[in-house]
file data.csv (CSV, C-alpha atoms)
chain,number,residue,atom,x,y,z
A,1,MET,CA,0.0,0.0,0.0
A,2,LYS,CA,2.9,2.3,0.9
A,3,LYS,CA,4.5,1.6,-2.5
A,4,LEU,CA,1.3,2.4,-4.4
A,5,PHE,CA,0.9,5.7,-2.5
A,6,ASN,CA,4.4,6.8,-3.3
A,7,ILE,CA,4.0,5.9,-7.0
A,8,ALA,CA,0.8,7.8,-7.1
A,9,LEU,CA,2.4,10.8,-5.4
A,10,LEU,CA,5.2,10.9,-7.9
A,11,LEU,CA,2.8,10.7,-10.8
A,12,THR,CA,0.7,13.5,-9.3
A,13,VAL,CA,3.8,15.7,-9.1
A,14,ILE,CA,4.6,15.0,-12.8
A,15,ALA,CA,1.0,15.7,-13.9
A,16,ALA,CA,1.2,19.0,-12.0
A,17,PHE,CA,4.2,20.2,-13.9
A,18,ALA,CA,3.8,18.7,-17.3
A,19,GLN,CA,0.6,18.9,-19.4
A,20,VAL,CA,-0.1,17.5,-22.9
A,21,ASP,CA,-2.3,19.5,-25.3
A,22,MET,CA,-3.3,16.9,-27.8
A,23,PHE,CA,-5.5,19.3,-29.8
A,24,ASN,CA,-2.5,21.5,-30.6
A,25,ARG,CA,0.0,18.7,-30.1
A,26,LYS,CA,2.1,20.5,-27.6
A,27,VAL,CA,3.6,19.6,-24.2
A,28,THR,CA,4.2,22.2,-21.5
A,29,ALA,CA,6.0,21.9,-18.2
A,30,THR,CA,7.2,24.1,-15.4
A,31,GLY,CA,10.8,23.6,-14.1
A,32,ARG,CA,12.3,25.0,-11.0
A,33,GLY,CA,16.0,25.6,-10.4
A,34,GLU,CA,17.8,26.3,-7.1
A,35,VAL,CA,20.9,28.4,-6.4
A,36,ASN,CA,24.1,26.5,-6.1
A,37,PRO,CA,25.8,27.8,-2.9
A,38,GLU,CA,29.2,27.0,-4.3
A,39,HIS,CA,28.9,29.5,-7.0
A,40,LYS,CA,30.8,32.6,-6.0
A,41,THR,CA,29.2,35.4,-8.0
A,42,MET,CA,25.6,36.5,-8.3
A,43,ALA,CA,25.9,36.1,-12.1
A,44,GLN,CA,27.0,32.5,-11.8
A,45,LYS,CA,24.2,31.8,-9.3
A,46,ARG,CA,21.5,33.2,-11.7
A,47,PHE,CA,23.0,31.3,-14.6
A,48,GLY,CA,23.0,28.1,-12.7
A,49,ALA,CA,19.4,28.5,-11.5
A,50,LEU,CA,18.3,29.2,-15.0
A,51,LYS,CA,19.9,26.1,-16.4
A,52,ALA,CA,18.6,23.9,-13.6
A,53,ALA,CA,15.1,25.1,-14.2
A,54,GLU,CA,15.3,24.4,-17.9
A,55,ALA,CA,16.7,20.9,-17.2
A,56,SER,CA,13.9,20.2,-14.7
A,57,ALA,CA,11.2,21.3,-17.2
A,58,LEU,CA,12.7,19.2,-20.0
A,59,ARG,CA,12.9,16.2,-17.8
A,60,SER,CA,9.2,16.5,-16.9
A,61,ILE,CA,8.3,16.8,-20.6
A,62,ILE,CA,10.3,13.7,-21.5
A,63,GLU,CA,8.8,11.8,-18.6
A,64,GLN,CA,5.3,12.8,-19.9
A,65,ILE,CA,6.1,11.7,-23.4
A,66,ASN,CA,8.2,8.6,-22.9
A,67,GLY,CA,6.9,7.5,-19.5
A,68,MET,CA,8.8,7.3,-16.3
A,69,PRO,CA,10.2,3.9,-15.2
A,70,ILE,CA,9.8,3.4,-11.5
A,71,ASP,CA,11.5,0.8,-9.3
A,72,ALA,CA,10.1,0.8,-5.8
A,73,ASN,CA,10.6,-1.5,-2.8
A,74,THR,CA,8.9,-1.2,0.5
A,75,VAL,CA,9.5,-3.3,3.6
A,76,VAL,CA,7.1,-3.2,6.5
A,77,ARG,CA,8.1,-5.2,9.6
A,78,ASP,CA,5.8,-5.6,12.7
A,79,LEU,CA,3.4,-3.1,11.1
A,80,ALA,CA,6.1,-0.4,11.0
A,81,LEU,CA,7.9,0.9,8.0
A,82,GLU,CA,11.4,-0.5,7.9
A,83,SER,CA,12.5,0.9,4.5
A,84,ASP,CA,11.0,2.5,1.4
A,85,VAL,CA,13.2,3.0,-1.7
A,86,ILE,CA,12.0,4.5,-5.0
A,87,LYS,CA,14.3,4.8,-8.0
A,88,THR,CA,13.3,6.5,-11.2
A,89,GLU,CA,15.3,6.9,-14.5
A,90,THR,CA,14.5,9.1,-17.4
A,91,GLU,CA,16.1,9.1,-20.8
A,92,GLY,CA,15.2,10.8,-24.1
A,93,ILE,CA,15.9,13.4,-26.8
A,94,ALA,CA,14.1,16.7,-26.9
A,95,LYS,CA,13.9,19.3,-29.7
A,96,TYR,CA,11.6,21.9,-31.0
A,97,PHE,CA,11.0,23.5,-27.6
A,98,GLU,CA,11.1,27.0,-26.4
A,99,ILE,CA,10.7,29.0,-23.2
A,100,VAL,CA,7.3,30.6,-22.8
A,101,GLY,CA,6.9,33.9,-21.0
A,102,GLY,CA,10.4,34.3,-19.7
A,103,PRO,CA,11.9,33.3,-16.3
A,104,ARG,CA,10.4,34.0,-12.9
A,105,TYR,CA,12.9,34.9,-10.2
A,106,MET,CA,12.0,34.1,-6.6
A,107,ASP,CA,13.0,35.9,-3.5
A,108,ASP,CA,15.4,33.1,-2.5
A,109,GLY,CA,17.2,33.3,-5.9
A,110,SER,CA,15.5,30.2,-7.4
A,111,VAL,CA,14.0,30.4,-10.9
A,112,GLU,CA,10.9,29.0,-12.5
A,113,LEU,CA,10.6,28.5,-16.3
A,114,ASP,CA,7.7,27.3,-18.5
A,115,ILE,CA,8.8,25.3,-21.5
A,116,GLU,CA,6.6,24.2,-24.5
A,117,LEU,CA,7.6,21.4,-26.8
A,118,SER,CA,5.9,20.8,-30.1
A,119,LEU,CA,4.9,17.2,-31.0
A,120,ASN,CA,4.5,18.2,-34.6
A,121,ASN,CA,7.7,19.2,-36.4
A,122,LEU,CA,5.8,21.1,-39.1
A,123,ASP,CA,4.9,23.7,-36.4
A,124,TRP,CA,8.5,24.9,-36.7
A,125,ALA,CA,8.8,25.0,-40.5
A,126,GLY,CA,9.6,28.6,-41.5
A,127,LYS,CA,10.0,29.6,-37.9
A,128,VAL,CA,12.5,32.2,-36.6
A,129,VAL,CA,13.8,30.6,-33.4
A,130,GLN,CA,15.3,32.9,-30.7
A,131,ALA,CA,17.2,32.2,-27.5
A,132,VAL,CA,18.4,34.4,-24.7
A,133,GLY,CA,22.0,33.7,-23.6
A,134,VAL,CA,23.4,34.7,-20.3
A,135,GLY,CA,27.2,35.2,-19.7
A,136,SER,CA,29.7,36.7,-17.4
A,137,GLY,CA,33.5,37.2,-17.5
A,138,LYS,CA,36.4,39.4,-16.4
A,139,ASN,CA,35.1,42.2,-18.7
A,140,ARG,CA,32.1,43.1,-20.8
A,141,SER,CA,33.6,41.7,-24.0
A,142,LEU,CA,34.2,38.3,-22.5
A,143,ALA,CA,30.7,38.4,-20.8
A,144,LEU,CA,29.2,39.2,-24.2
A,145,ARG,CA,31.0,36.3,-25.8
A,146,ALA,CA,29.9,33.9,-23.1
A,147,ALA,CA,26.3,35.1,-23.5
A,148,GLU,CA,26.5,34.6,-27.3
A,149,VAL,CA,27.8,31.1,-27.0
A,150,ASP,CA,25.2,30.2,-24.4
A,151,ALA,CA,22.4,31.5,-26.7
A,152,LYS,CA,23.7,29.5,-29.7
A,153,ARG,CA,24.1,26.4,-27.6
A,154,GLN,CA,20.4,26.8,-26.8
A,155,LEU,CA,19.5,27.2,-30.4
A,156,LEU,CA,21.4,24.0,-31.3
A,157,GLU,CA,19.5,22.1,-28.6
A,158,ARG,CA,16.1,23.4,-29.8
A,159,VAL,CA,16.5,22.9,-33.6
A,160,LYS,CA,18.9,19.9,-33.7
A,161,GLY,CA,18.0,18.2,-30.4
A,162,MET,CA,19.6,17.4,-27.0
A,163,TYR,CA,20.0,14.2,-25.0
A,164,LEU,CA,18.8,14.0,-21.4
A,165,ALA,CA,19.3,11.3,-18.9
A,166,ALA,CA,18.1,11.7,-15.3
A,167,SER,CA,17.7,9.6,-12.1
A,168,THR,CA,16.1,10.2,-8.7
A,169,LEU,CA,16.6,8.2,-5.5
A,170,ILE,CA,14.1,8.5,-2.7
A,171,LYS,CA,14.6,6.8,0.6
A,172,ASP,CA,11.9,6.8,3.3
A,173,GLY,CA,10.2,9.7,1.6
A,174,SER,CA,13.3,11.9,1.3
A,175,VAL,CA,15.2,12.6,-1.9
A,176,GLU,CA,18.8,11.4,-1.5
A,177,GLY,CA,19.9,11.9,-5.0
A,178,ASP,CA,18.6,13.7,-8.1
A,179,VAL,CA,20.8,14.1,-11.2
A,180,ILE,CA,19.9,15.4,-14.6
A,181,ASP,CA,22.6,15.1,-17.3
A,182,ILE,CA,22.2,16.9,-20.6
A,183,LYS,CA,24.5,16.5,-23.6
A,184,THR,CA,24.5,18.6,-26.8
A,185,GLN,CA,26.8,18.2,-29.7
A,186,GLY,CA,26.5,19.4,-33.3
A,187,VAL,CA,27.1,22.2,-35.8
A,188,LEU,CA,24.9,25.2,-35.8
A,189,ARG,CA,24.9,27.2,-39.0
A,190,ASN,CA,23.4,30.6,-39.9
A,191,ALA,CA,22.7,31.8,-36.4
A,192,THR,CA,23.1,35.5,-35.8
A,193,MET,CA,23.1,37.8,-32.8
A,194,VAL,CA,20.1,40.3,-32.8
A,195,LYS,CA,21.6,43.7,-33.0
A,196,GLY,CA,20.8,45.9,-30.0
A,197,SER,CA,19.6,43.0,-27.9
A,198,GLU,CA,22.5,43.3,-25.4
A,199,LYS,CA,21.5,43.9,-21.8
A,200,TYR,CA,24.0,44.6,-19.1
A,201,MET,CA,22.7,43.4,-15.8
A,202,ASP,CA,23.3,44.7,-12.2
A,203,ASP,CA,25.0,41.4,-11.3
A,204,ASN,CA,27.7,42.1,-14.0
A,205,SER,CA,26.3,39.5,-16.4
A,206,VAL,CA,25.2,40.1,-19.9
A,207,GLU,CA,22.1,38.9,-21.8
A,208,VAL,CA,21.9,38.7,-25.6
A,209,ILE,CA,19.4,37.3,-28.1
A,210,CYS,CA,20.6,35.1,-30.9
A,211,GLU,CA,18.3,33.7,-33.7
A,212,VAL,CA,18.2,31.3,-36.5
A,213,LYS,CA,15.6,30.8,-39.3
A,214,LEU,CA,14.3,27.4,-40.3
A,215,GLY,CA,13.2,26.6,-43.8
A,216,ASP,CA,10.3,24.5,-44.8
A,217,ASP,CA,12.6,21.4,-44.6
A,218,LEU,CA,13.4,22.4,-40.9
A,219,GLN,CA,17.0,23.1,-41.8
A,220,THR,CA,18.6,26.4,-40.8
A,221,VAL,CA,18.7,29.0,-43.6
A,222,PRO,CA,20.6,32.2,-44.1
A,223,GLY,CA,18.1,35.0,-44.2
A,224,PHE,CA,15.6,34.2,-46.9
A,225,SER,CA,17.5,31.1,-48.0
A,226,SER,CA,19.1,32.7,-51.1
A,227,VAL,CA,22.3,30.8,-50.5
A,228,LEU,CA,20.6,27.4,-50.5
A,229,MET,CA,18.8,28.3,-53.8
A,230,LYS,CA,21.8,29.8,-55.6
A,231,ASP,CA,22.5,26.8,-57.8
A,232,MET,CA,18.9,26.4,-59.0
A,233,ASP,CA,17.6,27.2,-62.5
A,234,PHE,CA,15.2,30.1,-62.1
A,235,ASP,CA,13.3,32.0,-64.8
A,236,GLU,CA,15.1,35.3,-64.6
A,237,GLU,CA,13.0,36.8,-67.4
A,238,TYR,CA,9.9,36.6,-65.3
A,239,PRO,CA,8.9,40.2,-64.5
A,240,ILE,CA,9.5,41.2,-60.9
A,241,VAL,CA,6.8,43.4,-59.4
A,242,PRO,CA,5.9,44.1,-55.8
A,243,GLN,CA,2.3,43.2,-56.3
A,244,ALA,CA,0.2,41.1,-58.8
A,245,THR,CA,0.1,42.5,-62.3
A,246,TYR,CA,-3.5,41.7,-63.0
A,247,LYS,CA,-7.0,42.5,-61.9
A,248,LEU,CA,-9.6,39.8,-61.8
A,249,SER,CA,-12.1,42.0,-63.7
A,250,ASP,CA,-9.7,42.4,-66.6
A,251,VAL,CA,-9.3,38.7,-67.4
A,252,VAL,CA,-11.6,36.2,-69.0
A,253,LYS,CA,-15.0,35.8,-67.4
A,254,ASP,CA,-14.6,32.1,-66.9
A,255,GLU,CA,-13.6,30.8,-63.5
A,256,VAL,CA,-10.3,32.5,-62.6
A,257,PHE,CA,-7.9,30.9,-60.1
A,258,THR,CA,-5.7,33.0,-58.0
A,259,GLY,CA,-3.4,30.3,-56.6
A,260,LEU,CA,-2.9,26.6,-56.3
A,261,ILE,CA,-3.6,24.2,-53.4
A,262,VAL,CA,-2.5,20.6,-53.6
A,263,ASP,CA,-4.1,18.3,-51.0
A,264,CYS,CA,-1.3,15.9,-50.1
A,265,THR,CA,-2.9,14.4,-47.0
A,266,GLY,CA,-3.3,11.0,-48.7
A,267,VAL,CA,0.4,10.7,-49.5
A,268,ASN,CA,3.6,10.8,-47.5
A,269,LEU,CA,5.0,14.2,-48.6
A,270,VAL,CA,8.0,15.6,-46.8
A,271,PRO,CA,8.2,19.4,-46.7
A,272,ALA,CA,11.1,20.9,-48.5
A,273,LEU,CA,12.6,24.2,-49.6
A,274,ALA,CA,12.2,23.9,-53.3
A,275,PRO,CA,10.0,20.9,-54.3
A,276,LYS,CA,8.5,20.3,-57.7
A,277,ILE,CA,5.2,19.1,-59.1
A,278,PHE,CA,5.0,16.4,-61.8
A,279,SER,CA,2.2,14.9,-63.8
A,280,ALA,CA,1.5,11.2,-63.7
A,281,SER,CA,3.2,10.9,-67.1
A,282,GLY,CA,6.4,12.6,-65.8
A,283,LYS,CA,6.0,16.2,-67.1
A,284,GLU,CA,7.2,18.9,-64.8
A,285,VAL,CA,4.2,21.1,-64.0
A,286,TYR,CA,5.8,23.4,-61.4
A,287,GLY,CA,9.5,23.9,-60.5
A,288,SER,CA,12.2,26.5,-60.0
A,289,SER,CA,12.6,27.0,-63.8
A,290,MET,CA,9.1,28.5,-63.9
A,291,VAL,CA,9.5,31.2,-61.2
A,292,SER,CA,11.7,34.0,-60.3
A,293,GLN,CA,14.4,33.6,-57.7
A,294,SER,CA,13.2,36.8,-56.0
A,295,TYR,CA,9.7,35.3,-55.3
A,296,ALA,CA,11.1,31.9,-54.3
A,297,THR,CA,13.7,33.3,-51.8
A,298,GLN,CA,11.1,35.7,-50.3
A,299,GLN,CA,8.5,33.1,-49.4
A,300,GLY,CA,9.7,29.7,-50.6
A,301,MET,CA,8.6,27.7,-53.6
A,302,ILE,CA,5.6,26.2,-51.7
A,303,GLY,CA,3.8,27.0,-48.5
A,304,TYR,CA,2.7,24.2,-46.2
A,305,ASP,CA,-0.3,23.9,-43.9
A,306,ARG,CA,-2.1,21.0,-42.2
A,307,LYS,CA,-5.7,22.3,-42.8
A,308,ILE,CA,-7.2,23.1,-46.2
A,309,GLU,CA,-9.5,25.7,-44.7
A,310,ASN,CA,-6.5,27.6,-43.4
A,311,ALA,CA,-4.8,27.5,-46.8
A,312,ARG,CA,-8.0,28.8,-48.6
A,313,SER,CA,-7.8,32.0,-46.5
A,314,ASN,CA,-4.0,32.4,-46.8
A,315,PRO,CA,-3.1,35.6,-48.7
A,316,ARG,CA,-0.5,33.6,-50.6
A,317,VAL,CA,-3.1,31.9,-52.8
A,318,ALA,CA,-5.6,34.9,-52.7
A,319,ASN,CA,-9.3,34.5,-53.0
A,320,ASN,CA,-10.0,31.6,-55.4
A,321,PRO,CA,-7.3,28.9,-55.4
A,322,LEU,CA,-7.5,25.9,-57.6
A,323,VAL,CA,-7.6,22.8,-55.3
A,324,ILE,CA,-6.4,19.4,-56.6
A,325,LYS,CA,-5.4,16.1,-55.0
A,326,ALA,CA,-1.9,14.6,-55.1
A,327,THR,CA,-1.7,11.0,-56.3
A,328,GLY,CA,1.8,10.3,-55.0
A,329,VAL,CA,5.2,11.6,-54.2
A,330,LYS,CA,8.5,11.3,-56.2
A,331,GLY,CA,12.2,11.2,-55.4
A,332,THR,CA,14.1,9.4,-52.7
A,333,ASN,CA,13.4,12.1,-50.2
A,334,LYS,CA,9.6,12.2,-51.0
A,335,VAL,CA,9.6,16.0,-51.5
A,336,ASN,CA,8.2,16.2,-55.0
A,337,ILE,CA,4.4,16.0,-55.7
A,338,VAL,CA,2.8,13.8,-58.3
A,339,ILE,CA,-0.7,14.7,-59.7
A,340,SER,CA,-2.9,13.3,-62.4
A,341,ASP,CA,-2.5,14.3,-66.0
A,342,GLU,CA,-6.0,15.8,-65.9
A,343,ASP,CA,-5.2,18.1,-63.0
A,344,ALA,CA,-1.8,19.0,-64.6
A,345,ALA,CA,-3.8,20.2,-67.7
A,346,LYS,CA,-6.0,22.3,-65.5
A,347,ILE,CA,-3.0,24.0,-63.9
A,348,GLU,CA,-1.4,24.7,-67.2
A,349,SER,CA,-4.6,26.2,-68.6
A,350,ALA,CA,-5.1,28.4,-65.5
A,351,ALA,CA,-1.5,29.5,-65.5
A,352,LYS,CA,-1.8,30.8,-69.0
A,353,GLN,CA,-4.4,33.3,-67.8
A,354,LEU,CA,-2.6,34.5,-64.7
A,355,LYS,CA,0.9,34.5,-63.2
A,356,PHE,CA,0.2,32.7,-59.9
A,357,LEU,CA,2.7,29.9,-60.6
A,358,GLY,CA,5.5,32.4,-61.4
A,359,GLU,CA,4.8,34.3,-58.2
A,360,CYS,CA,4.9,31.0,-56.1
A,361,LYS,CA,1.3,31.2,-55.1
A,362,VAL,CA,1.3,27.5,-54.3
A,363,MET,CA,0.5,25.7,-51.1
A,364,ALA,CA,0.5,22.0,-50.1
A,365,ILE,CA,-1.7,20.4,-47.4
A,366,VAL,CA,0.2,17.7,-45.5
A,367,LYS,CA,-0.6,15.3,-42.7
call {"tool": "encode", "arguments": {"input": "data.csv", "output": "structure tokens"}}
result
Amino acid sequence: MKKLFNIALLLTVIAAFAQVDMFNRKVTATGRGEVNPEHKTMAQKRFGALKAAEASALRSIIEQINGMPIDANTVVRDLALESDVIKTETEGIAKYFEIVGGPRYMDDGSVELDIELSLNNLDWAGKVVQAVGVGSGKNRSLALRAAEVDAKRQLLERVKGMYLAASTLIKDGSVEGDVIDIKTQGVLRNATMVKGSEKYMDDNSVEVICEVKLGDDLQTVPGFSSVLMKDMDFDEEYPIVPQATYKLSDVVKDEVFTGLIVDCTGVNLVPALAPKIFSASGKEVYGSSMVSQSYATQQGMIGYDRKIENARSNPRVANNPLVIKATGVKGTNKVNIVISDEDAAKIESAAKQLKFLGECKVMAIVK
């Protein structure tokens, strides 16, 4: 009975600090970090409490997603508790998470953080990810460098992933050991410091914001991804204008389409930076050779969404998009869309009237 009570107590604590929103497919958790008395400066104490709070929240999230193995042993002799030992171990990889609302500093120096992790990678497609780094040093220049490195380490954890392993030992209702170990390793490209974000704090630490942009394929991109697209074959003769060059009232009175939506929910399409659309017979219906690099680098070749009703109201495809179904995917990476020959003919006919393909007014609906 004692064992069941302790297990229930632990699960209650987890439920209080980690919650799953299955409708929006997100997990949120609150972590708390204490001050390490061995840290000599206030800056180090604040830095340590922040990191401890982040680790605590991430552990709660991983426990909620992967489950928490519990090994408990209770011995009652002569109706009195002789020993009660509970061991827990947590292990997992976390990515696509961010701090919500900023840290909350308590009077005793401890810190609380709310962290939200997305269960759907697509939520981060096209996202600008920011992280606040904290650093200190012998002078402001070194403190600024430490803050920059800390911020970029956080960006790497969030967009590439970090590994967490944790264990807790409770004896007779008292925690005797609680360890969280986080490892991060990788190469972070295209991250930049936000100009003017430097904050010089009263404890001689520095805060700075660094950011990185993710493309539709969830890879980091420089600015508007022009570097990644530099080797593609674009139609440079396509006229570049800030707005559409047509008015619906000036074109033919038949049904006029202002964009293209391809419903790919029935196939396993992988979002990418510059995909193509092919007909069933193998003809390229849409690709980089049909658009200007200016439009492609500004908003990407194709926009992605999970709901067709959202796409219909997206300004990218304007008021009356042509909606078709994908019949399959093409390529080893499953990034190119295949449609029927009949739908390919519809697209070619509509594109002759207006320039929505050349202006990248194309969206795909994915699972």
call {"tool": "residues_around", "arguments": {"input": "data.csv", "residues": "region 326-329 of chain A", "least_positions_apart": "5", "cutoff": "10 Å", "atoms": "only C-alpha atoms", "output": "NGL selection string"}}
result
:A and (261-270 or 276-280 or 334-340 or 343 or 364-365)
call {"tool": "residues_around", "arguments": {"input": "data.csv", "residues": "Gln130 (chain A)", "least_positions_apart": "3", "cutoff": "12 Å", "atoms": "all atoms listed in the file", "output": "list in words"}}
result
Tyr96, Phe97, Glu98, Ile99, Val100, Lys127, Gly133, Glu148, Ala151, Lys152, Arg153, Gln154, Leu155, Leu156, Glu157, Arg158, Val159, Ala191, Thr192, Met193, Val194, Ser197, Val208, Ile209, Cys210, Glu211, Val212, Lys213 and Leu214 of chain A
call {"tool": "residues_near_point", "arguments": {"input": "data.csv", "point": "(15.8, 7.4, -7.6)", "cutoff": "6 Å", "atoms": "only C-alpha atoms", "output": "mmCIF file with C-alpha atoms, in the coordinates of the input"}}
result
data_model
loop_
_atom_site.group_PDB
_atom_site.id
_atom_site.type_symbol
_atom_site.label_atom_id
_atom_site.label_comp_id
_atom_site.auth_asym_id
_atom_site.auth_seq_id
_atom_site.Cartn_x
_atom_site.Cartn_y
_atom_site.Cartn_z
ATOM 1 C CA ILE A 86 12.000 4.500 -5.000
ATOM 2 C CA LYS A 87 14.300 4.800 -8.000
ATOM 3 C CA THR A 88 13.300 6.500 -11.200
ATOM 4 C CA SER A 167 17.700 9.600 -12.100
ATOM 5 C CA THR A 168 16.100 10.200 -8.700
ATOM 6 C CA LEU A 169 16.600 8.200 -5.500
ATOM 7 C CA ILE A 170 14.100 8.500 -2.700
#
call {"tool": "residues_around", "arguments": {"input": "data.csv", "residues": "Gly101 (chain A)", "least_positions_apart": "5", "cutoff": "10 Å", "atoms": "all atoms listed in the file", "output": "list in words"}}
result
Leu113, Asp114 and Ile115 of chain A
call {"tool": "closest_residue", "arguments": {"input": "data.csv", "among": "A:Leu357, A:Met68, A:Leu188, A:Val132", "to": "Lys51 (chain A)", "atoms": "all atoms listed in the file"}}
result
A:Val132
call {"tool": "atom_distance", "arguments": {"input": "data.csv", "atom1": "CA of Lys199 (chain A)", "atom2": "CA of Ile182 (chain A)"}}
result
27.0 Å
call {"tool": "closest_residue", "arguments": {"input": "data.csv", "among": "A:Ala55, A:Leu273, A:Val256, A:Leu142", "to": "Ile180 (chain A)", "atoms": "all atoms listed in the file"}}
result
A:Ala55
call {"tool": "closest_residue", "arguments": {"input": "data.csv", "among": "A:Asn333, A:Asn120, A:Ser205, A:Thr220", "to": "Lys160 (chain A)", "atoms": "all atoms listed in the file"}}
result
A:Thr220
call {"tool": "atom_distance", "arguments": {"input": "data.csv", "atom1": "CA of Tyr304 (chain A)", "atom2": "CA of Arg189 (chain A)"}}
result
23.5 Å
call {"tool": "residues_around", "arguments": {"input": "data.csv", "residues": "region 61-64 of chain A", "least_positions_apart": "5", "cutoff": "7 Å", "atoms": "all atoms listed in the file", "output": "mmCIF file with C-alpha atoms, in the coordinates of the input"}}
result
data_model
loop_
_atom_site.group_PDB
_atom_site.id
_atom_site.type_symbol
_atom_site.label_atom_id
_atom_site.label_comp_id
_atom_site.auth_asym_id
_atom_site.auth_seq_id
_atom_site.Cartn_x
_atom_site.Cartn_y
_atom_site.Cartn_z
ATOM 1 C CA ALA A 18 3.800 18.700 -17.300
ATOM 2 C CA VAL A 27 3.600 19.600 -24.200
ATOM 3 C CA THR A 28 4.200 22.200 -21.500
ATOM 4 C CA ALA A 29 6.000 21.900 -18.200
ATOM 5 C CA THR A 90 14.500 9.100 -17.400
ATOM 6 C CA GLY A 92 15.200 10.800 -24.100
#
call {"tool": "closest_residue", "arguments": {"input": "data.csv", "among": "A:Ser289, A:Gln219, A:Thr332, A:Ser349", "to": "Leu122 (chain A)", "atoms": "only C-alpha atoms"}}
result
A:Gln219
call {"tool": "closest_residue", "arguments": {"input": "data.csv", "among": "A:Asp178, A:Glu54, A:Glu284, A:Asp123", "to": "Arg25 (chain A)", "atoms": "all atoms listed in the file"}}
result
A:Asp123
call {"tool": "atom_distance", "arguments": {"input": "data.csv", "atom1": "CA of Asn36 (chain A)", "atom2": "CA of Lys138 (chain A)"}}
result
20.6 Å
call {"tool": "closest_residue", "arguments": {"input": "data.csv", "among": "A:Glu176, A:Glu112, A:Asp181, A:Asp150", "to": "Arg59 (chain A)", "atoms": "all atoms listed in the file"}}
result
A:Asp181
call {"tool": "residues_around", "arguments": {"input": "data.csv", "residues": "region 39-42 of chain A", "least_positions_apart": "4", "cutoff": "10 Å", "atoms": "only C-alpha atoms", "output": "ChimeraX atom specification"}}
result
/A:35,46-48,109,136,202-205
